[in-house]
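See below for coords-v8.pdb, which holds PDB, C-alpha atoms and all ligand atoms.
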```
ATOM      1  CA  MET A   1      72.636  42.979 -14.452
ATOM      2  CA  LYS A   2      68.970  42.758 -15.550
ATOM      3  CA  ARG A   3      66.850  40.757 -13.081
ATOM      4  CA  ARG A   4      65.115  37.748 -14.657
ATOM      5  CA  ASN A   5      61.303  37.860 -14.640
ATOM      6  CA  ILE A   6      60.267  35.148 -12.152
ATOM      7  CA  GLN A   7      57.288  34.361 -14.420
ATOM      8  CA  LEU A   8      59.469  33.131 -17.277
ATOM      9  CA  ASP A   9      61.760  30.118 -17.586
ATOM     10  CA  LYS A  10      65.286  30.349 -19.011
ATOM     11  CA  GLN A  11      63.889  30.033 -22.553
ATOM     12  CA  GLY A  12      61.523  32.966 -21.932
ATOM     13  CA  ARG A  13      58.421  30.739 -21.781
ATOM     14  CA  LEU A  14      55.633  31.251 -19.291
ATOM     15  CA  ARG A  15      56.204  29.350 -16.038
ATOM     16  CA  HIS A  16      54.047  31.317 -13.578
ATOM     17  CA  PHE A  17      51.387  33.902 -14.457
ATOM     18  CA  LEU A  18      51.427  36.459 -11.670
ATOM     19  CA  THR A  19      51.028  39.812 -13.415
ATOM     20  CA  VAL A  20      50.742  41.211 -16.937
ATOM     21  CA  GLU A  21      53.254  43.923 -16.051
ATOM     22  CA  GLY A  22      56.634  43.290 -17.647
ATOM     23  CA  LEU A  23      55.468  40.649 -20.137
ATOM     24  CA  SER A  24      56.082  41.222 -23.849
ATOM     25  CA  ARG A  25      53.482  41.997 -26.474
ATOM     26  CA  ALA A  26      54.497  38.784 -28.268
ATOM     27  CA  LEU A  27      53.723  36.677 -25.191
ATOM     28  CA  LEU A  28      50.341  38.343 -24.642
ATOM     29  CA  VAL A  29      49.444  37.767 -28.310
ATOM     30  CA  ASP A  30      50.574  34.131 -27.932
ATOM     31  CA  ILE A  31      48.155  33.708 -24.993
ATOM     32  CA  LEU A  32      45.324  35.225 -27.062
ATOM     33  CA  ASP A  33      46.100  33.080 -30.117
ATOM     34  CA  THR A  34      46.351  29.913 -28.006
ATOM     35  CA  ALA A  35      43.035  30.793 -26.332
ATOM     36  CA  GLU A  36      41.480  31.251 -29.771
ATOM     37  CA  SER A  37      42.348  27.639 -30.618
ATOM     38  CA  PHE A  38      40.726  26.462 -27.359
ATOM     39  CA  ALA A  39      37.570  28.529 -27.900
ATOM     40  CA  GLY A  40      36.542  25.967 -30.535
ATOM     41  CA  VAL A  41      36.999  23.114 -28.034
ATOM     42  CA  THR A  42      34.697  24.751 -25.497
ATOM     43  CA  SER A  43      31.835  24.881 -28.025
ATOM     44  CA  GLN A  44      32.137  21.214 -29.139
ATOM     45  CA  SER A  45      29.843  18.537 -27.682
ATOM     46  CA  VAL A  46      32.956  16.701 -26.316
ATOM     47  CA  LYS A  47      34.747  19.587 -24.607
ATOM     48  CA  LYS A  48      38.039  17.869 -23.728
ATOM     49  CA  VAL A  49      41.594  17.741 -25.009
ATOM     50  CA  PRO A  50      44.267  15.506 -23.417
ATOM     51  CA  LEU A  51      47.015  18.150 -23.018
ATOM     52  CA  LEU A  52      47.228  18.023 -19.208
ATOM     53  CA  ARG A  53      46.289  14.370 -18.660
ATOM     54  CA  GLY A  54      48.052  13.107 -15.521
ATOM     55  CA  ARG A  55      48.658  16.626 -14.188
ATOM     56  CA  THR A  56      47.075  17.935 -10.982
ATOM     57  CA  VAL A  57      45.834  21.498 -10.543
ATOM     58  CA  VAL A  58      45.001  22.842  -7.071
ATOM     59  CA  ASN A  59      42.547  25.709  -6.629
ATOM     60  CA  LEU A  60      43.542  27.639  -3.499
ATOM     61  CA  PHE A  61      40.994  30.411  -2.981
ATOM     62  CA  PHE A  62      41.482  32.373   0.246
ATOM     63  CA  GLU A  63      38.857  34.925  -0.900
ATOM     64  CA  ALA A  64      35.359  34.551  -2.379
ATOM     65  CA  SER A  65      34.932  33.927  -6.112
ATOM     66  CA  THR A  66      32.260  32.722  -8.502
ATOM     67  CA  ARG A  67      33.567  33.235 -12.050
ATOM     68  CA  THR A  68      37.309  32.802 -11.600
ATOM     69  CA  ARG A  69      37.266  29.659  -9.464
ATOM     70  CA  THR A  70      34.707  27.827 -11.553
ATOM     71  CA  THR A  71      36.230  28.734 -14.920
ATOM     72  CA  PHE A  72      39.699  27.680 -13.720
ATOM     73  CA  GLU A  73      38.165  24.348 -12.659
ATOM     74  CA  LEU A  74      36.358  23.929 -15.990
ATOM     75  CA  ALA A  75      39.481  24.941 -17.914
ATOM     76  CA  ALA A  76      41.634  22.391 -16.061
ATOM     77  CA  LYS A  77      39.035  19.633 -16.581
ATOM     78  CA  ARG A  78      38.743  20.456 -20.290
ATOM     79  CA  LEU A  79      42.519  19.996 -20.496
ATOM     80  CA  SER A  80      41.992  16.572 -18.803
ATOM     81  CA  ALA A  81      43.867  17.570 -15.612
ATOM     82  CA  ASP A  82      42.822  16.352 -12.169
ATOM     83  CA  VAL A  83      41.522  19.222 -10.025
ATOM     84  CA  LEU A  84      41.603  19.690  -6.252
ATOM     85  CA  ASN A  85      39.506  22.468  -4.752
ATOM     86  CA  ILE A  86      40.889  23.266  -1.299
ATOM     87  CA  HIS A  87      38.218  24.681   1.008
ATOM     88  CA  ILE A  88      40.351  27.012   3.066
ATOM     89  CA  SER A  89      37.887  27.405   5.938
ATOM     90  CA  ALA A  90      37.775  23.580   6.274
ATOM     91  CA  SER A  91      41.534  23.059   5.780
ATOM     92  CA  ALA A  92      44.279  22.729   8.392
ATOM     93  CA  THR A  93      45.145  26.448   8.001
ATOM     94  CA  SER A  94      42.192  26.976  10.367
ATOM     95  CA  LYS A  95      44.157  24.868  12.933
ATOM     96  CA  GLY A  96      47.226  27.060  12.725
ATOM     97  CA  GLU A  97      49.150  25.468   9.831
ATOM     98  CA  THR A  98      51.145  28.071   7.928
ATOM     99  CA  LEU A  99      50.509  28.754   4.257
ATOM    100  CA  LEU A 100      53.951  27.430   3.315
ATOM    101  CA  ASP A 101      53.389  24.211   5.277
ATOM    102  CA  THR A 102      50.034  23.716   3.515
ATOM    103  CA  LEU A 103      51.773  24.198   0.170
ATOM    104  CA  ALA A 104      54.612  21.818   1.111
ATOM    105  CA  ASN A 105      52.004  19.132   1.841
ATOM    106  CA  LEU A 106      50.308  19.694  -1.511
ATOM    107  CA  GLU A 107      53.731  19.519  -3.190
ATOM    108  CA  ALA A 108      54.293  16.179  -1.430
ATOM    109  CA  MET A 109      51.163  14.926  -3.226
ATOM    110  CA  GLN A 110      52.919  15.652  -6.563
ATOM    111  CA  CYS A 111      50.634  18.509  -7.562
ATOM    112  CA  ASP A 112      51.729  20.522 -10.609
ATOM    113  CA  MET A 113      49.942  23.879 -10.401
ATOM    114  CA  PHE A 114      48.560  26.189  -7.720
ATOM    115  CA  VAL A 115      45.833  28.642  -8.744
ATOM    116  CA  VAL A 116      45.797  31.217  -5.964
ATOM    117  CA  ARG A 117      43.380  33.935  -4.953
ATOM    118  CA  HIS A 118      44.244  35.928  -1.850
ATOM    119  CA  ASP A 119      43.159  39.208  -0.292
ATOM    120  CA  LYS A 120      46.790  40.278   0.246
ATOM    121  CA  SER A 121      48.668  41.920  -2.613
ATOM    122  CA  GLY A 122      51.799  39.936  -3.415
ATOM    123  CA  ALA A 123      50.503  36.593  -2.080
ATOM    124  CA  ALA A 124      50.810  34.760  -5.418
ATOM    125  CA  HIS A 125      54.309  36.159  -5.975
ATOM    126  CA  PHE A 126      55.311  35.050  -2.460
ATOM    127  CA  ILE A 127      54.046  31.531  -3.129
ATOM    128  CA  ALA A 128      55.766  31.389  -6.542
ATOM    129  CA  SER A 129      59.081  32.289  -4.951
ATOM    130  CA  HIS A 130      58.787  29.384  -2.471
ATOM    131  CA  VAL A 131      57.382  26.472  -4.496
ATOM    132  CA  ALA A 132      59.370  23.533  -5.886
ATOM    133  CA  PRO A 133      60.845  24.079  -9.372
ATOM    134  CA  HIS A 134      58.268  21.849 -11.137
ATOM    135  CA  ILE A 135      55.249  23.795  -9.815
ATOM    136  CA  SER A 136      53.540  26.640 -11.658
ATOM    137  CA  VAL A 137      51.598  29.346  -9.829
ATOM    138  CA  ILE A 138      48.750  31.265 -11.435
ATOM    139  CA  ASN A 139      47.507  34.443  -9.777
ATOM    140  CA  ALA A 140      43.697  34.398  -9.654
ATOM    141  CA  GLY A 141      43.601  37.852  -8.010
ATOM    142  CA  ASP A 142      45.749  39.229  -5.170
ATOM    143  CA  GLY A 143      44.459  42.154  -3.108
ATOM    144  CA  SER A 144      44.356  45.315  -5.202
ATOM    145  CA  HIS A 145      47.508  44.288  -7.108
ATOM    146  CA  ALA A 146      46.744  42.118 -10.145
ATOM    147  CA  HIS A 147      44.237  39.803 -11.825
ATOM    148  CA  PRO A 148      46.126  38.798 -14.957
ATOM    149  CA  THR A 149      43.812  36.098 -16.351
ATOM    150  CA  GLN A 150      40.849  38.482 -16.012
ATOM    151  CA  ALA A 151      42.770  41.086 -18.009
ATOM    152  CA  MET A 152      43.626  38.535 -20.705
ATOM    153  CA  LEU A 153      40.034  37.314 -21.064
ATOM    154  CA  ASP A 154      39.046  40.970 -21.367
ATOM    155  CA  MET A 155      41.680  41.464 -24.112
ATOM    156  CA  PHE A 156      40.369  38.329 -25.838
ATOM    157  CA  THR A 157      36.826  39.737 -25.739
ATOM    158  CA  ILE A 158      37.981  43.118 -27.092
ATOM    159  CA  ARG A 159      39.946  41.467 -29.922
ATOM    160  CA  ARG A 160      36.964  39.287 -30.851
ATOM    161  CA  HIS A 161      34.752  42.365 -31.199
ATOM    162  CA  LYS A 162      37.174  44.992 -32.462
ATOM    163  CA  GLY A 163      40.054  43.201 -34.213
ATOM    164  CA  ASP A 164      43.213  45.339 -34.037
ATOM    165  CA  PHE A 165      44.099  46.984 -30.729
ATOM    166  CA  TYR A 166      45.982  49.918 -32.272
ATOM    167  CA  PRO A 167      43.093  52.275 -33.197
ATOM    168  CA  LEU A 168      41.061  51.713 -30.028
ATOM    169  CA  SER A 169      40.095  54.081 -27.240
ATOM    170  CA  VAL A 170      39.172  52.171 -24.086
ATOM    171  CA  ALA A 171      37.561  53.702 -20.987
ATOM    172  CA  ILE A 172      37.783  52.073 -17.538
ATOM    173  CA  VAL A 173      35.185  53.525 -15.166
ATOM    174  CA  GLY A 174      34.802  53.458 -11.404
ATOM    175  CA  ASP A 175      36.838  52.348  -8.415
ATOM    176  CA  ILE A 176      40.281  52.384 -10.040
ATOM    177  CA  MET A 177      41.964  52.822  -6.637
ATOM    178  CA  HIS A 178      41.097  49.358  -5.311
ATOM    179  CA  SER A 179      40.870  47.464  -8.597
ATOM    180  CA  ARG A 180      43.395  44.724  -9.385
ATOM    181  CA  VAL A 181      41.441  44.242 -12.616
ATOM    182  CA  ALA A 182      41.968  47.853 -13.740
ATOM    183  CA  ARG A 183      45.732  47.696 -13.088
ATOM    184  CA  SER A 184      46.084  44.474 -15.077
ATOM    185  CA  GLN A 185      43.868  45.791 -17.888
ATOM    186  CA  ILE A 186      45.929  48.996 -18.154
ATOM    187  CA  HIS A 187      49.181  46.996 -18.457
ATOM    188  CA  ALA A 188      47.623  44.664 -21.037
ATOM    189  CA  LEU A 189      46.041  47.441 -23.113
ATOM    190  CA  THR A 190      49.192  49.568 -23.219
ATOM    191  CA  THR A 191      51.415  46.551 -24.005
ATOM    192  CA  LEU A 192      49.055  45.523 -26.821
ATOM    193  CA  GLY A 193      49.319  49.068 -28.184
ATOM    194  CA  VAL A 194      45.851  50.613 -27.964
ATOM    195  CA  ASN A 195      45.586  54.231 -29.072
ATOM    196  CA  GLU A 196      44.284  55.485 -25.711
ATOM    197  CA  VAL A 197      43.342  54.245 -22.246
ATOM    198  CA  ARG A 198      41.097  56.545 -20.216
ATOM    199  CA  VAL A 199      40.318  56.083 -16.537
ATOM    200  CA  ILE A 200      37.200  57.739 -15.157
ATOM    201  CA  GLY A 201      36.034  58.161 -11.591
ATOM    202  CA  PRO A 202      35.790  60.497  -8.612
ATOM    203  CA  LYS A 203      39.098  61.931  -7.331
ATOM    204  CA  THR A 204      38.822  59.781  -4.200
ATOM    205  CA  LEU A 205      38.854  56.579  -6.293
ATOM    206  CA  ILE A 206      41.695  57.413  -8.712
ATOM    207  CA  PRO A 207      45.205  56.768  -7.309
ATOM    208  CA  ARG A 208      47.843  59.468  -7.861
ATOM    209  CA  TYR A 209      50.344  57.049  -9.453
ATOM    210  CA  ILE A 210      47.916  56.329 -12.307
ATOM    211  CA  ASN A 211      49.470  59.045 -14.520
ATOM    212  CA  THR A 212      52.703  57.043 -14.585
ATOM    213  CA  LEU A 213      50.880  54.203 -16.409
ATOM    214  CA  GLY A 214      50.254  56.269 -19.564
ATOM    215  CA  VAL A 215      46.497  56.773 -19.164
ATOM    216  CA  HIS A 216      44.289  59.865 -19.434
ATOM    217  CA  VAL A 217      42.273  60.716 -16.313
ATOM    218  CA  PHE A 218      38.694  62.043 -16.416
ATOM    219  CA  HIS A 219      36.347  62.866 -13.560
ATOM    220  CA  SER A 220      33.260  63.302 -15.777
ATOM    221  CA  LEU A 221      31.720  60.088 -17.152
ATOM    222  CA  ARG A 222      30.203  61.888 -20.160
ATOM    223  CA  GLU A 223      33.510  63.495 -21.146
ATOM    224  CA  GLY A 224      35.455  60.310 -20.488
ATOM    225  CA  ILE A 225      33.388  57.920 -22.601
ATOM    226  CA  ARG A 226      32.777  60.332 -25.493
ATOM    227  CA  GLY A 227      33.833  58.588 -28.720
ATOM    228  CA  VAL A 228      35.330  55.466 -27.087
ATOM    229  CA  ASP A 229      35.192  51.953 -28.588
ATOM    230  CA  VAL A 230      35.056  50.036 -25.308
ATOM    231  CA  VAL A 231      33.598  50.955 -21.894
ATOM    232  CA  ILE A 232      34.727  48.794 -18.962
ATOM    233  CA  MET A 233      32.689  49.307 -15.792
ATOM    234  CA  LEU A 234      34.046  48.376 -12.347
ATOM    235  CA  ARG A 235      32.385  47.526  -9.046
ATOM    236  CA  LEU A 236      32.806  49.687  -5.955
ATOM    237  CA  GLN A 237      35.058  47.505  -3.804
ATOM    238  CA  HIS A 238      33.769  48.345  -0.363
ATOM    239  CA  GLU A 239      35.724  45.446   1.163
ATOM    240  CA  ARG A 240      38.994  47.234   0.343
ATOM    241  CA  MET A 241      37.887  50.787   1.225
ATOM    242  CA  SER A 242      38.902  52.380   4.490
ATOM    243  CA  GLY A 243      37.041  55.545   5.408
ATOM    244  CA  ALA A 244      34.228  57.358   3.571
ATOM    245  CA  LEU A 245      35.387  57.817  -0.027
ATOM    246  CA  LEU A 246      31.905  58.500  -1.460
ATOM    247  CA  PRO A 247      28.923  60.565  -0.291
ATOM    248  CA  SER A 248      26.467  57.695  -1.084
ATOM    249  CA  GLU A 249      25.788  54.951  -3.641
ATOM    250  CA  GLN A 250      22.856  57.009  -5.003
ATOM    251  CA  GLU A 251      25.146  59.983  -5.632
ATOM    252  CA  TYR A 252      27.726  57.673  -7.224
ATOM    253  CA  TYR A 253      25.081  56.178  -9.551
ATOM    254  CA  HIS A 254      23.905  59.667 -10.500
ATOM    255  CA  CYS A 255      27.447  60.680 -11.549
ATOM    256  CA  TYR A 256      29.089  57.418 -12.675
ATOM    257  CA  GLY A 257      26.333  54.815 -13.148
ATOM    258  CA  LEU A 258      26.197  53.785 -16.823
ATOM    259  CA  THR A 259      22.740  54.337 -18.344
ATOM    260  CA  GLU A 260      21.622  54.101 -21.990
ATOM    261  CA  GLU A 261      21.442  57.884 -22.097
ATOM    262  CA  LYS A 262      25.043  58.362 -20.874
ATOM    263  CA  LEU A 263      26.300  55.560 -23.143
ATOM    264  CA  SER A 264      24.895  57.400 -26.200
ATOM    265  CA  VAL A 265      28.050  59.596 -26.346
ATOM    266  CA  ALA A 266      30.335  56.568 -26.897
ATOM    267  CA  LYS A 267      30.797  55.239 -30.463
ATOM    268  CA  PRO A 268      27.566  53.700 -31.812
ATOM    269  CA  ASP A 269      29.245  50.267 -31.928
ATOM    270  CA  ALA A 270      30.955  50.586 -28.533
ATOM    271  CA  VAL A 271      30.804  47.461 -26.359
ATOM    272  CA  VAL A 272      30.207  47.473 -22.598
ATOM    273  CA  MET A 273      32.242  45.175 -20.353
ATOM    274  CA  HIS A 274      32.353  44.376 -16.640
ATOM    275  CA  PRO A 275      34.525  41.755 -14.872
ATOM    276  CA  GLY A 276      31.691  40.979 -12.436
ATOM    277  CA  PRO A 277      30.184  40.714  -9.982
ATOM    278  CA  ILE A 278      27.924  43.549 -11.216
ATOM    279  CA  ASN A 279      25.947  45.757  -8.855
ATOM    280  CA  ARG A 280      22.847  46.817 -10.775
ATOM    281  CA  GLY A 281      21.739  50.353  -9.998
ATOM    282  CA  VAL A 282      25.149  51.239  -8.516
ATOM    283  CA  GLU A 283      27.709  51.237 -11.370
ATOM    284  CA  ILE A 284      25.453  50.025 -14.192
ATOM    285  CA  ASP A 285      21.787  50.154 -15.117
ATOM    286  CA  SER A 286      20.069  46.861 -15.985
ATOM    287  CA  THR A 287      19.064  48.198 -19.428
ATOM    288  CA  VAL A 288      22.794  48.477 -20.250
ATOM    289  CA  ALA A 289      23.967  45.316 -18.439
ATOM    290  CA  ASP A 290      21.358  43.217 -20.277
ATOM    291  CA  GLY A 291      21.323  45.326 -23.436
ATOM    292  CA  PRO A 292      22.618  44.657 -26.962
ATOM    293  CA  ARG A 293      25.995  46.326 -26.388
ATOM    294  CA  SER A 294      26.809  44.330 -23.254
ATOM    295  CA  VAL A 295      29.390  41.555 -23.691
ATOM    296  CA  ILE A 296      29.573  40.793 -19.971
ATOM    297  CA  LEU A 297      28.537  37.138 -20.192
ATOM    298  CA  GLN A 298      30.767  36.594 -23.235
ATOM    299  CA  GLN A 299      33.677  37.647 -20.991
ATOM    300  CA  VAL A 300      32.790  34.768 -18.654
ATOM    301  CA  THR A 301      32.670  32.264 -21.526
ATOM    302  CA  HIS A 302      36.013  33.502 -22.881
ATOM    303  CA  GLY A 303      37.528  33.033 -19.422
ATOM    304  CA  ILE A 304      37.523  29.265 -19.944
ATOM    305  CA  ALA A 305      39.529  29.344 -23.195
ATOM    306  CA  VAL A 306      41.960  31.962 -21.871
ATOM    307  CA  ARG A 307      42.564  29.985 -18.669
ATOM    308  CA  MET A 308      43.069  26.805 -20.717
ATOM    309  CA  ALA A 309      45.699  28.711 -22.710
ATOM    310  CA  VAL A 310      47.550  30.021 -19.664
ATOM    311  CA  MET A 311      47.490  26.659 -17.864
ATOM    312  CA  SER A 312      48.667  24.658 -20.879
ATOM    313  CA  MET A 313      51.434  27.157 -21.659
ATOM    314  CA  ALA A 314      52.674  27.231 -18.058
ATOM    315  CA  LEU A 315      52.644  23.427 -17.732
ATOM    316  CA  GLY A 316      54.967  22.435 -20.509
ATOM    317  CA  GLY A 317      54.689  25.010 -23.251
ATOM    318  CA  GLN A 318      51.790  23.279 -25.032
ATOM    319  CA  ARG A 319      50.493  25.366 -27.886
ATOM    320  CA  GLY A 320      46.802  25.279 -28.697
ATOM    321  CA  ALA A 321      44.140  22.620 -28.974
ATOM    322  CA  SER A 322      46.245  20.550 -31.407
ATOM    323  CA  GLY A 323      49.294  20.818 -29.155
ATOM    324  CA  GLY A 324      51.272  21.848 -32.247
TER     325      GLY A 324
HETATM  326  N1  LIG A 401      35.832  38.745 -12.113
HETATM  327  C1  LIG A 401      36.051  38.013 -10.996
HETATM  328  O1  LIG A 401      37.173  37.903 -10.521
HETATM  329  O2  LIG A 401      34.927  37.454 -10.465
HETATM  330  P1  LIG A 401      34.923  36.458  -9.198
HETATM  331  O3  LIG A 401      35.295  37.283  -7.989
HETATM  332  O4  LIG A 401      33.515  35.917  -9.118
HETATM  333  O5  LIG A 401      35.934  35.394  -9.444
END
```

Could I get this file's structure written as structure tokens?
Amino acid sequence: MKRRNIQLDKQGRLRHFLTVEGLSRALLVDILDTAESFAGVTSQSVKKVPLLRGRTVVNLFFEASTRTRTTFELAAKRLSADVLNIHISASATSKGETLLDTLANLEAMQCDMFVVRHDKSGAAHFIASHVAPHISVINAGDGSHAHPTQAMLDMFTIRRHKGDFYPLSVAIVGDIMHSRVARSQIHALTTLGVNEVRVIGPKTLIPRYINTLGVHVFHSLREGIRGVDVVIMLRLQHERMSGALLPSEQEYYHCYGLTEEKLSVAKPDAVVMHPGPINRGVEIDSTVADGPRSVILQQVTHGIAVRMAVMSMALGGQRGASGG
């Protein structure tokens, strides 16, 4: 018997959003279309819709974040939800309370959604399998496993600039090994049907299993980004590295740092993306990060609409700014 995807309810609607892997193309397109309707709301002078009025969203960030935490908070507020930001270092977990006991207490306060970031892969899935039936869990990044809302805001940004996914060649450059963003992007891009996904990096930062995900591997940046439509740069994730995987940051920049000169082999209208935080002079030169082909800050803006879409869909199947 086929095992039911824990992320979906019996009607096949989104209940939790833990990973892009295993979700249908139709559902991903639904998230993008719903986000498109919210993008208009975020540019109005009154940036609120009443879809989640009376609902309570809890941000539970066990790991540092700037973009994800704040855009989840803004997204929830723009949907008129109440938002609790739990400061983990100042919470009772620092007095020995278990994670599940903390969650049980939040459930007792009639919260509706947990947005979870954790340094352990599988943490959001673990929480989703223990919460009460009325609670939705959104994965805001777990270890090196998945960062599904980041991937969807990246897909939204690509669709805004390029339209159809089918003809596109997309290059993902850098520390693929430790990147939850890269894994989620690869699943999203292949599900949405892009022509080609390339991953580029030194052998020490490309995991062996990557070939099973239907991507093409390159170890030369120039060869890898030649003729592509989209270049996605990634940060070196030192916090997840064990052992010396690189000779030095200078050597890495020399080989894999994106400069205007290296970017010249991509398509003339190629866009440059980065999930952030960026490390200037390590994976990307400032002339590219701040240049005309960079859409890095647009990604951040789009994160609000995409997170509004995911939250509203998970909490009651609401569709779009009109709720229709
Ligand atoms: N892209 C991203 O996850 O950034 P933060 O770590 O700042 O949330």

Contacts with ligand LIG 401 (chain A) at most 6 Å, all atoms listed in the file counted, listed as a ChimeraX atom specification: /A:65-69,275-277

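Distance check against A:His302 using all atoms listed in the file: of A:Ala146, A:Ile176, A:Val115, A:Ala151, the minimum falls on A:Ala151.
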
Name every residue that the PyMOL selection byres (((chain A and resi 284) around 12) and not hetatm) selects in this structure, writing the answer as a PyMOL selection string with chains first and numbers rising. chain A and resi 173-174+231-236+249-250+252-263+272-274+276-283+285-291+294+296

Would you mind listing what lies within 7 Å of A:Arg25 as a PyMOL selection string, with all atoms listed in the file counted and same-chain residues fewer than 3 positions away left out? chain A and resi 28-29+191-192

May I have the centre and edge lengths, in Å to one decimal, of an axis-aligned box around the listed atoms of stretch 183-194 of chain A with 8 Å added to every side, as lines of an AutoDock Vina configuration file?
```
center_x = 47.6
center_y = 47.5
center_z = -20.6
size_x = 23.5
size_y = 22.1
size_z = 31.1
```

Taking the file above as input, evaluate the PyMOL selection byres (((chain A and resi 80) around 8) and not hetatm) and report the hits as a PDB file with C-alpha atoms, in the frame of the given file.
```
ATOM      1  CA  LYS A  48      38.039  17.869 -23.728  1.00  0.00           C
ATOM      2  CA  VAL A  49      41.594  17.741 -25.009  1.00  0.00           C
ATOM      3  CA  PRO A  50      44.267  15.506 -23.417  1.00  0.00           C
ATOM      4  CA  LEU A  51      47.015  18.150 -23.018  1.00  0.00           C
ATOM      5  CA  LEU A  52      47.228  18.023 -19.208  1.00  0.00           C
ATOM      6  CA  ARG A  53      46.289  14.370 -18.660  1.00  0.00           C
ATOM      7  CA  GLY A  54      48.052  13.107 -15.521  1.00  0.00           C
ATOM      8  CA  ALA A  76      41.634  22.391 -16.061  1.00  0.00           C
ATOM      9  CA  LYS A  77      39.035  19.633 -16.581  1.00  0.00           C
ATOM     10  CA  ARG A  78      38.743  20.456 -20.290  1.00  0.00           C
ATOM     11  CA  LEU A  79      42.519  19.996 -20.496  1.00  0.00           C
ATOM     12  CA  ALA A  81      43.867  17.570 -15.612  1.00  0.00           C
ATOM     13  CA  ASP A  82      42.822  16.352 -12.169  1.00  0.00           C
TER      14      ASP A  82
END
```

Among the residues A:Asp112, A:Glu63, A:Glu107, A:Asp30, the one that comes closest to A:Asp142 [using only C-alpha atoms]: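 Smallest separation from A:Asp142 among the options: A:Glu63.
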
Between A:Leu60, A:Ile304, A:Leu168, A:Leu27, which residue has the minimum interatomic distance to A:His118, considering only C-alpha atoms? A:Leu60
